$ cat start-v8.cif   # mmCIF, C-alpha atoms and all ligand atoms
data_structure
#
loop_
_atom_site.group_PDB
_atom_site.id
_atom_site.type_symbol
_atom_site.label_atom_id
_atom_site.label_comp_id
_atom_site.auth_asym_id
_atom_site.auth_seq_id
_atom_site.Cartn_x
_atom_site.Cartn_y
_atom_site.Cartn_z
ATOM 1 C CA MET A 13 -15.829 130.353 127.143
ATOM 2 C CA TYR A 14 -13.147 127.912 126.008
ATOM 3 C CA VAL A 15 -11.103 130.803 124.592
ATOM 4 C CA ILE A 16 -11.346 132.686 127.902
ATOM 5 C CA TRP A 17 -10.212 129.572 129.741
ATOM 6 C CA ARG A 18 -7.322 129.059 127.305
ATOM 7 C CA ASN A 19 -6.289 132.716 127.663
ATOM 8 C CA SER A 20 -6.343 132.669 131.427
ATOM 9 C CA VAL A 21 -4.335 129.462 131.446
ATOM 10 C CA SER A 22 -1.681 130.969 129.210
ATOM 11 C CA CYS A 23 -1.569 134.086 131.453
ATOM 12 C CA LEU A 24 -1.059 131.797 134.421
ATOM 13 C CA ARG A 25 1.780 130.048 132.638
ATOM 14 C CA ILE A 26 3.465 133.282 131.637
ATOM 15 C CA ARG A 27 3.183 134.880 135.090
ATOM 16 C CA LYS A 28 3.974 131.606 136.842
ATOM 17 C CA VAL A 29 1.151 132.168 139.369
ATOM 18 C CA PRO A 30 0.699 129.134 141.663
ATOM 19 C CA HIS A 31 -2.530 127.428 140.690
ATOM 20 C CA ARG A 32 -4.574 124.342 141.405
ATOM 21 C CA PHE A 33 -4.562 121.334 139.089
ATOM 22 C CA GLN A 34 -7.437 119.070 138.218
ATOM 23 C CA SER A 35 -6.920 115.350 137.838
ATOM 24 C CA GLY A 36 -6.002 115.834 134.146
ATOM 25 C CA ASN A 37 -3.201 118.207 135.208
ATOM 26 C CA HIS A 38 -5.076 121.193 133.725
ATOM 27 C CA PRO A 39 -4.443 124.394 135.663
ATOM 28 C CA VAL A 40 -7.742 125.873 136.786
ATOM 29 C CA VAL A 41 -7.540 129.121 138.784
ATOM 30 C CA PRO A 42 -4.781 130.790 140.799
ATOM 31 C CA LEU A 43 -4.616 129.566 144.384
ATOM 32 C CA GLY A 44 -6.857 131.620 146.628
ATOM 33 C CA SER A 45 -9.031 133.043 143.871
ATOM 34 C CA ARG A 46 -11.922 130.595 143.732
ATOM 35 C CA ILE A 47 -14.884 132.197 145.427
ATOM 36 C CA LEU A 48 -18.290 130.581 145.878
ATOM 37 C CA THR A 49 -20.782 133.181 144.730
ATOM 38 C CA ASP A 50 -23.662 130.901 143.777
ATOM 39 C CA PRO A 51 -24.525 128.266 146.455
ATOM 40 C CA ALA A 52 -26.210 126.154 143.773
ATOM 41 C CA LYS A 53 -22.745 125.580 142.272
ATOM 42 C CA VAL A 54 -21.213 124.303 145.487
ATOM 43 C CA PHE A 55 -20.548 120.824 144.116
ATOM 44 C CA GLU A 56 -18.876 122.024 140.935
ATOM 45 C CA HIS A 57 -15.435 122.190 142.600
ATOM 46 C CA ASN A 58 -13.811 120.476 145.542
ATOM 47 C CA MET A 59 -12.495 123.669 147.112
ATOM 48 C CA TRP A 60 -13.679 127.249 147.597
ATOM 49 C CA ASP A 61 -11.577 130.023 149.046
ATOM 50 C CA HIS A 62 -12.412 132.566 151.743
ATOM 51 C CA MET A 63 -15.629 130.933 152.910
ATOM 52 C CA GLN A 64 -18.038 132.713 155.232
ATOM 53 C CA TRP A 65 -19.795 130.447 157.733
ATOM 54 C CA SER A 66 -23.543 130.677 158.329
ATOM 55 C CA GLU A 67 -24.884 130.672 161.936
ATOM 56 C CA GLU A 68 -26.215 127.137 161.365
ATOM 57 C CA GLU A 69 -22.820 125.915 160.141
ATOM 58 C CA ALA A 70 -21.074 127.444 163.157
ATOM 59 C CA ALA A 71 -23.606 125.914 165.574
ATOM 60 C CA ALA A 72 -23.263 122.494 163.923
ATOM 61 C CA ALA A 73 -19.459 122.736 164.176
ATOM 62 C CA ARG A 74 -19.600 123.689 167.898
ATOM 63 C CA LYS A 75 -21.890 120.708 168.563
ATOM 64 C CA LYS A 76 -19.558 118.363 166.686
ATOM 65 C CA VAL A 77 -16.533 119.574 168.679
ATOM 66 C CA GLU A 78 -18.409 119.152 171.968
ATOM 67 C CA GLU A 79 -19.135 115.576 170.943
ATOM 68 C CA ASN A 80 -15.653 114.712 169.686
ATOM 69 C CA SER A 81 -13.855 116.191 172.695
ATOM 70 C CA ALA A 82 -15.885 114.328 175.303
ATOM 71 C CA VAL A 83 -13.254 111.561 175.435
ATOM 72 C CA ARG A 84 -9.607 112.746 175.544
ATOM 73 C CA VAL A 85 -6.458 110.912 174.441
ATOM 74 C CA LEU A 86 -4.362 110.130 177.528
ATOM 75 C CA LEU A 87 -1.542 112.670 178.021
ATOM 76 C CA GLU A 88 1.129 109.982 177.937
ATOM 77 C CA GLU A 89 -0.171 108.883 174.529
ATOM 78 C CA GLN A 90 -0.088 112.371 172.992
ATOM 79 C CA GLY A 91 3.580 112.489 171.958
ATOM 80 C CA VAL A 92 4.170 112.851 168.211
ATOM 81 C CA CYS A 93 6.630 109.961 168.275
ATOM 82 C CA LEU A 94 3.807 107.626 169.274
ATOM 83 C CA HIS A 95 1.687 108.432 166.216
ATOM 84 C CA SER A 96 1.110 105.381 164.042
ATOM 85 C CA SER A 97 2.600 107.211 161.010
ATOM 86 C CA TYR A 98 5.818 108.138 162.856
ATOM 87 C CA ARG A 99 8.892 106.387 161.431
ATOM 88 C CA ALA A 100 11.952 106.730 163.646
ATOM 89 C CA ALA A 101 14.157 105.572 160.754
ATOM 90 C CA GLN A 102 13.009 108.525 158.624
ATOM 91 C CA CYS A 103 12.703 111.392 161.091
ATOM 92 C CA CYS A 104 13.660 112.487 164.559
ATOM 93 C CA ALA A 105 11.040 114.612 166.337
ATOM 94 C CA PHE A 106 12.069 116.387 169.519
ATOM 95 C CA VAL A 107 10.975 119.353 171.593
ATOM 96 C CA HIS A 108 13.519 122.157 171.887
ATOM 97 C CA ASP A 109 13.427 125.713 173.230
ATOM 98 C CA VAL A 110 15.387 127.665 170.622
ATOM 99 C CA CYS A 111 16.020 130.427 173.189
ATOM 100 C CA ASP A 112 17.757 128.090 175.628
ATOM 101 C CA GLU A 113 21.438 128.699 174.921
ATOM 102 C CA GLY A 114 22.576 125.945 177.266
ATOM 103 C CA LEU A 115 20.422 123.224 175.731
ATOM 104 C CA PRO A 116 22.299 121.200 173.096
ATOM 105 C CA TYR A 117 20.561 119.968 169.957
ATOM 106 C CA PRO A 118 20.442 116.180 169.587
ATOM 107 C CA PHE A 119 22.808 116.367 166.592
ATOM 108 C CA PRO A 120 26.076 118.148 165.800
ATOM 109 C CA ASP A 121 26.481 121.531 164.090
ATOM 110 C CA GLY A 122 26.782 121.772 160.322
ATOM 111 C CA ILE A 123 24.579 118.863 159.272
ATOM 112 C CA LEU A 124 21.135 120.253 158.400
ATOM 113 C CA ASP A 125 20.069 120.756 154.775
ATOM 114 C CA VAL A 126 17.035 122.924 155.540
ATOM 115 C CA ILE A 127 15.634 124.827 158.496
ATOM 116 C CA LEU A 128 12.012 125.977 158.261
ATOM 117 C CA LEU A 129 11.332 129.040 160.394
ATOM 118 C CA VAL A 130 7.687 129.803 159.708
ATOM 119 C CA PHE A 131 5.886 132.133 162.148
ATOM 120 C CA VAL A 132 8.273 131.130 164.922
ATOM 121 C CA LEU A 133 10.682 134.064 165.200
ATOM 122 C CA SER A 134 7.867 136.610 165.662
ATOM 123 C CA SER A 135 6.922 134.898 168.933
ATOM 124 C CA ILE A 136 10.409 135.395 170.368
ATOM 125 C CA HIS A 137 11.563 138.538 172.210
ATOM 126 C CA PRO A 138 13.433 140.849 169.770
ATOM 127 C CA ASP A 139 16.469 140.900 172.095
ATOM 128 C CA ARG A 140 16.832 137.131 171.731
ATOM 129 C CA MET A 141 16.160 136.765 168.010
ATOM 130 C CA GLN A 142 19.754 137.294 166.827
ATOM 131 C CA GLY A 143 21.071 134.631 169.230
ATOM 132 C CA VAL A 144 18.437 132.168 168.036
ATOM 133 C CA VAL A 145 19.259 132.820 164.369
ATOM 134 C CA ASN A 146 23.014 132.513 165.042
ATOM 135 C CA ARG A 147 22.568 129.107 166.667
ATOM 136 C CA LEU A 148 20.275 127.875 163.890
ATOM 137 C CA SER A 149 22.778 129.072 161.296
ATOM 138 C CA ASN A 150 25.479 126.953 162.970
ATOM 139 C CA LEU A 151 23.326 123.868 162.463
ATOM 140 C CA LEU A 152 23.192 124.273 158.672
ATOM 141 C CA LYS A 153 25.661 122.466 156.455
ATOM 142 C CA PRO A 154 27.504 124.502 153.779
ATOM 143 C CA GLY A 155 24.882 125.180 151.094
ATOM 144 C CA GLY A 156 22.082 124.483 153.597
ATOM 145 C CA MET A 157 19.064 126.772 153.432
ATOM 146 C CA LEU A 158 17.035 128.587 156.070
ATOM 147 C CA LEU A 159 13.486 129.280 154.875
ATOM 148 C CA PHE A 160 11.736 132.136 156.650
ATOM 149 C CA ARG A 161 8.198 133.470 156.618
ATOM 150 C CA ASP A 162 6.616 135.690 159.235
ATOM 151 C CA TYR A 163 4.502 138.768 159.940
ATOM 152 C CA GLY A 164 5.428 141.962 158.093
ATOM 153 C CA ARG A 165 5.197 145.510 159.456
ATOM 154 C CA TYR A 166 1.590 146.838 159.423
ATOM 155 C CA ASP A 167 -0.031 143.504 158.719
ATOM 156 C CA LYS A 168 -3.690 143.654 159.756
ATOM 157 C CA THR A 169 -2.812 141.596 162.866
ATOM 158 C CA GLN A 170 -0.603 144.452 164.064
ATOM 159 C CA LEU A 171 -3.207 147.109 163.302
ATOM 160 C CA ARG A 172 -5.893 145.164 165.171
ATOM 161 C CA PHE A 173 -4.064 145.124 168.508
ATOM 162 C CA LYS A 174 -5.852 147.325 171.050
ATOM 163 C CA ARG A 175 -3.994 149.808 173.250
ATOM 164 C CA GLY A 176 -2.256 148.166 176.196
ATOM 165 C CA HIS A 177 -0.923 145.157 174.256
ATOM 166 C CA CYS A 178 2.308 146.704 172.974
ATOM 167 C CA LEU A 179 5.426 145.409 174.797
ATOM 168 C CA SER A 180 8.026 147.318 172.787
ATOM 169 C CA GLU A 181 8.291 148.753 169.279
ATOM 170 C CA ASN A 182 6.356 146.482 166.895
ATOM 171 C CA PHE A 183 6.190 143.726 169.540
ATOM 172 C CA TYR A 184 2.834 142.819 171.121
ATOM 173 C CA VAL A 185 1.277 140.362 173.547
ATOM 174 C CA ARG A 186 -1.935 138.598 172.569
ATOM 175 C CA GLY A 187 -4.803 137.834 174.943
ATOM 176 C CA ASP A 188 -3.520 134.257 175.345
ATOM 177 C CA GLY A 189 -0.034 135.472 176.407
ATOM 178 C CA THR A 190 1.725 134.598 173.126
ATOM 179 C CA ARG A 191 3.816 137.301 171.439
ATOM 180 C CA ALA A 192 3.984 138.737 167.954
ATOM 181 C CA TYR A 193 6.685 140.823 166.329
ATOM 182 C CA PHE A 194 6.189 142.519 162.939
ATOM 183 C CA PHE A 195 9.290 142.548 160.723
ATOM 184 C CA THR A 196 10.580 144.783 157.959
ATOM 185 C CA LYS A 197 12.529 143.329 155.064
ATOM 186 C CA GLY A 198 15.636 145.250 156.213
ATOM 187 C CA GLU A 199 15.515 143.752 159.717
ATOM 188 C CA VAL A 200 15.214 140.266 158.259
ATOM 189 C CA HIS A 201 18.138 140.915 155.931
ATOM 190 C CA ASN A 202 20.379 142.216 158.753
ATOM 191 C CA MET A 203 19.528 139.408 161.150
ATOM 192 C CA PHE A 204 20.247 136.521 158.783
ATOM 193 C CA CYS A 205 23.276 138.122 157.155
ATOM 194 C CA LYS A 206 24.791 138.857 160.603
ATOM 195 C CA ALA A 207 24.407 135.137 161.277
ATOM 196 C CA GLY A 208 26.674 134.433 158.295
ATOM 197 C CA LEU A 209 23.989 133.503 155.770
ATOM 198 C CA ASP A 210 23.690 134.732 152.180
ATOM 199 C CA GLU A 211 20.402 136.241 151.062
ATOM 200 C CA LYS A 212 18.828 134.304 148.180
ATOM 201 C CA GLN A 213 15.338 135.767 148.519
ATOM 202 C CA ASN A 214 13.846 138.464 150.738
ATOM 203 C CA LEU A 215 10.465 139.854 149.783
ATOM 204 C CA VAL A 216 7.422 141.494 151.260
ATOM 205 C CA ASP A 217 4.264 139.588 150.342
ATOM 206 C CA ARG A 218 1.341 142.044 150.438
ATOM 207 C CA ARG A 219 -2.201 140.871 149.831
ATOM 208 C CA LEU A 220 -5.621 142.381 150.106
ATOM 209 C CA GLN A 221 -8.108 140.172 151.888
ATOM 210 C CA VAL A 222 -11.665 141.224 151.224
ATOM 211 C CA ASN A 223 -14.669 140.243 153.289
ATOM 212 C CA ARG A 224 -17.196 140.963 150.621
ATOM 213 C CA LYS A 225 -20.211 140.186 152.795
ATOM 214 C CA LYS A 226 -19.193 142.769 155.360
ATOM 215 C CA GLN A 227 -17.542 144.940 152.700
ATOM 216 C CA VAL A 228 -14.295 144.979 154.718
ATOM 217 C CA LYS A 229 -10.800 145.194 153.204
ATOM 218 C CA MET A 230 -7.817 143.863 155.162
ATOM 219 C CA HIS A 231 -4.177 144.310 154.207
ATOM 220 C CA ARG A 232 -2.004 141.288 154.893
ATOM 221 C CA VAL A 233 1.762 141.717 154.962
ATOM 222 C CA TRP A 234 4.268 138.899 155.324
ATOM 223 C CA VAL A 235 8.042 138.810 154.901
ATOM 224 C CA GLN A 236 9.489 135.764 153.179
ATOM 225 C CA GLY A 237 13.114 134.882 152.688
ATOM 226 C CA LYS A 238 15.597 132.176 151.749
ATOM 227 C CA PHE A 239 19.031 132.433 153.318
ATOM 228 C CA GLN A 240 21.874 130.084 152.481
ATOM 229 C CA LYS A 241 24.949 128.988 154.396
ATOM 230 C CA PRO A 242 27.889 129.806 152.110
ATOM 231 C CA LEU A 243 29.217 126.810 150.223
ATOM 232 C CA TYR A 244 32.765 128.053 150.310
ATOM 233 C CA LEU A 245 34.952 129.389 153.083
ATOM 234 C CA THR A 246 34.493 133.071 153.829
ATOM 235 C CA GLN A 247 37.588 135.306 153.878
ATOM 236 C CA LYS A 248 37.549 135.174 157.701
ATOM 237 C CA THR A 249 37.340 131.383 157.967
ATOM 238 C CA SER A 250 39.816 130.798 155.142
ATOM 239 C CA LYS A 251 42.357 133.011 156.969
ATOM 240 C CA LEU A 252 41.769 130.941 160.110
ATOM 241 C CA VAL A 253 42.149 127.629 158.251
ATOM 242 C CA PHE A 254 45.269 128.928 156.471
ATOM 243 C CA SER A 255 46.840 130.014 159.750
ATOM 244 C CA LEU A 256 45.957 126.676 161.407
ATOM 245 C CA LEU A 257 47.446 124.737 158.483
ATOM 246 C CA SER A 258 50.603 126.806 158.353
ATOM 247 C CA HIS A 259 51.156 126.361 162.105
ATOM 248 C CA GLY A 260 50.275 122.673 162.102
HETATM 249 C C1 LIG A 301 2.373 131.067 165.734
HETATM 250 S S1 LIG A 301 2.996 129.447 165.984
HETATM 251 C C2 LIG A 301 3.361 128.958 164.363
HETATM 252 C C3 LIG A 301 3.287 127.500 164.185
HETATM 253 C C4 LIG A 301 3.547 127.008 162.757
HETATM 254 N N1 LIG A 301 4.893 127.278 162.344
HETATM 255 C C5 LIG A 301 2.558 127.617 161.801
HETATM 256 O O1 LIG A 301 2.899 128.412 160.942
HETATM 257 O O2 LIG A 301 1.379 127.273 161.896
HETATM 258 C C6 LIG A 301 4.527 129.798 166.733
HETATM 259 C C7 LIG A 301 5.376 128.583 166.931
HETATM 260 O O3 LIG A 301 6.608 129.015 167.441
HETATM 261 C C8 LIG A 301 7.068 128.047 168.350
HETATM 262 N N2 LIG A 301 7.963 128.676 169.311
HETATM 263 C C9 LIG A 301 7.793 129.843 169.957
HETATM 264 N N3 LIG A 301 8.822 130.075 170.815
HETATM 265 C C10 LIG A 301 9.657 129.014 170.687
HETATM 266 C C11 LIG A 301 10.887 128.653 171.312
HETATM 267 N N4 LIG A 301 11.445 129.436 172.228
HETATM 268 N N5 LIG A 301 11.468 127.487 170.940
HETATM 269 C C12 LIG A 301 10.901 126.695 170.001
HETATM 270 N N6 LIG A 301 9.737 126.986 169.374
HETATM 271 C C13 LIG A 301 9.120 128.117 169.723
HETATM 272 C C14 LIG A 301 5.805 127.568 169.049
HETATM 273 O O4 LIG A 301 5.977 126.285 169.557
HETATM 274 C C15 LIG A 301 4.804 127.588 167.926
HETATM 275 O O5 LIG A 301 4.715 126.335 167.316
#

$ encode --input "start-v8.cif" --output "structure tokens" --more "lines below"
Ligand SMILES: C[S@@+](CC[C@H](N)C(=O)[O-])C[C@H]1O[C@@H](n2cnc3c(N)ncnc32)[C@H](O)[C@@H]1O
Amino acid sequence: MYVIWRNSVSCLRIRKVPHRFQSGNHPVVPLGSRILTDPAKVFEHNMWDHMQWSEEEAAAARKKVEENSAVRVLLEEQGVCLHSSYRAAQCCAFVHDVCDEGLPYPFPDGILDVILLVFVLSSIHPDRMQGVVNRLSNLLKPGGMLLFRDYGRYDKTQLRFKRGHCLSENFYVRGDGTRAYFFTKGEVHNMFCKAGLDEKQNLVDRRLQVNRKKQVKMHRVWVQGKFQKPLYLTQKTSKLVFSLLSHG
């Protein structure tokens, strides 16, 4: 048993698979791979992946939510800036419609180190995506990084849409009115590179989700990328700077 554990740990190290750590910093299993198969062992670990809920658990959860939503926080007290953990000296939270071209950001261009764009772009109309990415790119400082993750083409979410929900190619409307676009790696590459960013990573993350109780297999597809604002002047901007300097 110990040998098996040692072997799997060394495999994890070699393949650099993300894994959980116990308090002694010992890697245990790759993230997402701990499945509860024997209910008697439920207290042996603090986390199990891909749990199925029983009817009783679902009913108990519904009852709990009914109870805890009976009294609502006043609307005027719901702003994130009013949270007791919010520190205005350390962060600046604000609401901004990234599609609104006329709305200025509360800071100048070229000062952000990192922009996190996680499952945001897919909710925006494809015709507006390039404009949004261009504006975000302007906000990055040289060397700044835009981190992207979103739905990939033929993810199970796309396959599950019923007829009548498709707005345009690979762009759908959900029942609640929100939108979802499903990207290819090539589209992601073109969009961010057109915005003047260099591709540092662009991959398709494909996983198989299995509902073993129902014996259902579901293919998940996400696109993930890291795009960097060039550190140095591009040929175009250096020509501009050179011509400005030589005329000044
Ligand atoms: C599917 S949610 C993802 C939320 C979160 N990033 C996550 O992964 O759980 C889509 C997010 O995109 C944001 N979003 C959609 N359109 C936007 C717009 N025009 N301007 C700013 N944010 C927008 C929504 O506010 C929402 O938080």

$ atom_distance --input "start-v8.cif" --atom1 "atom CA of A:Phe239" --atom2 "atom CA of A:Phe204"
6.9 Å

$ resolve_selection --input "start-v8.cif" --expression "the PyMOL selection byres (((chain A and resi 212-215) around 7) and not hetatm)" --output "PyMOL selection string"
chain A and resi 197+210-211+216-217+235-240

$ resolve_selection --input "start-v8.cif" --expression "the PyMOL selection byres (((not hetatm)) within 10 of (chain A and resi 301))" --output "ChimeraX atom specification"
/A:107-112,128-137,140-141,144,161-163,190-192

$ resolve_selection --input "start-v8.cif" --expression "the PyMOL selection byres (((chain A and resi 169) around 12) and not hetatm)" --output "count of residues only"
26

$ closest_residue --input "start-v8.cif" --among "A:Pro138, A:Gly122, A:Pro42, A:Gly114" --to "A:Met203" --atoms "all atoms listed in the file"
A:Pro138

$ closest_residue --input "start-v8.cif" --among "A:Ser180, A:Gln142, A:Asn150, A:Gln221" --to "A:Ser45" --atoms "all atoms listed in the file"
A:Gln221

$ residues_around --input "start-v8.cif" --residues "A:Leu151" --least-positions-apart "4" --cutoff "7 Å" --atoms "all atoms listed in the file" --output "list in words"
Asp121, Gly122, Ile123, Leu124 and Arg147 of chain A

$ closest_residue --input "start-v8.cif" --among "A:Asp139, A:Asp125, A:Asp188, A:Glu67" --to "A:Leu159" --atoms "all atoms listed in the file"
A:Asp125
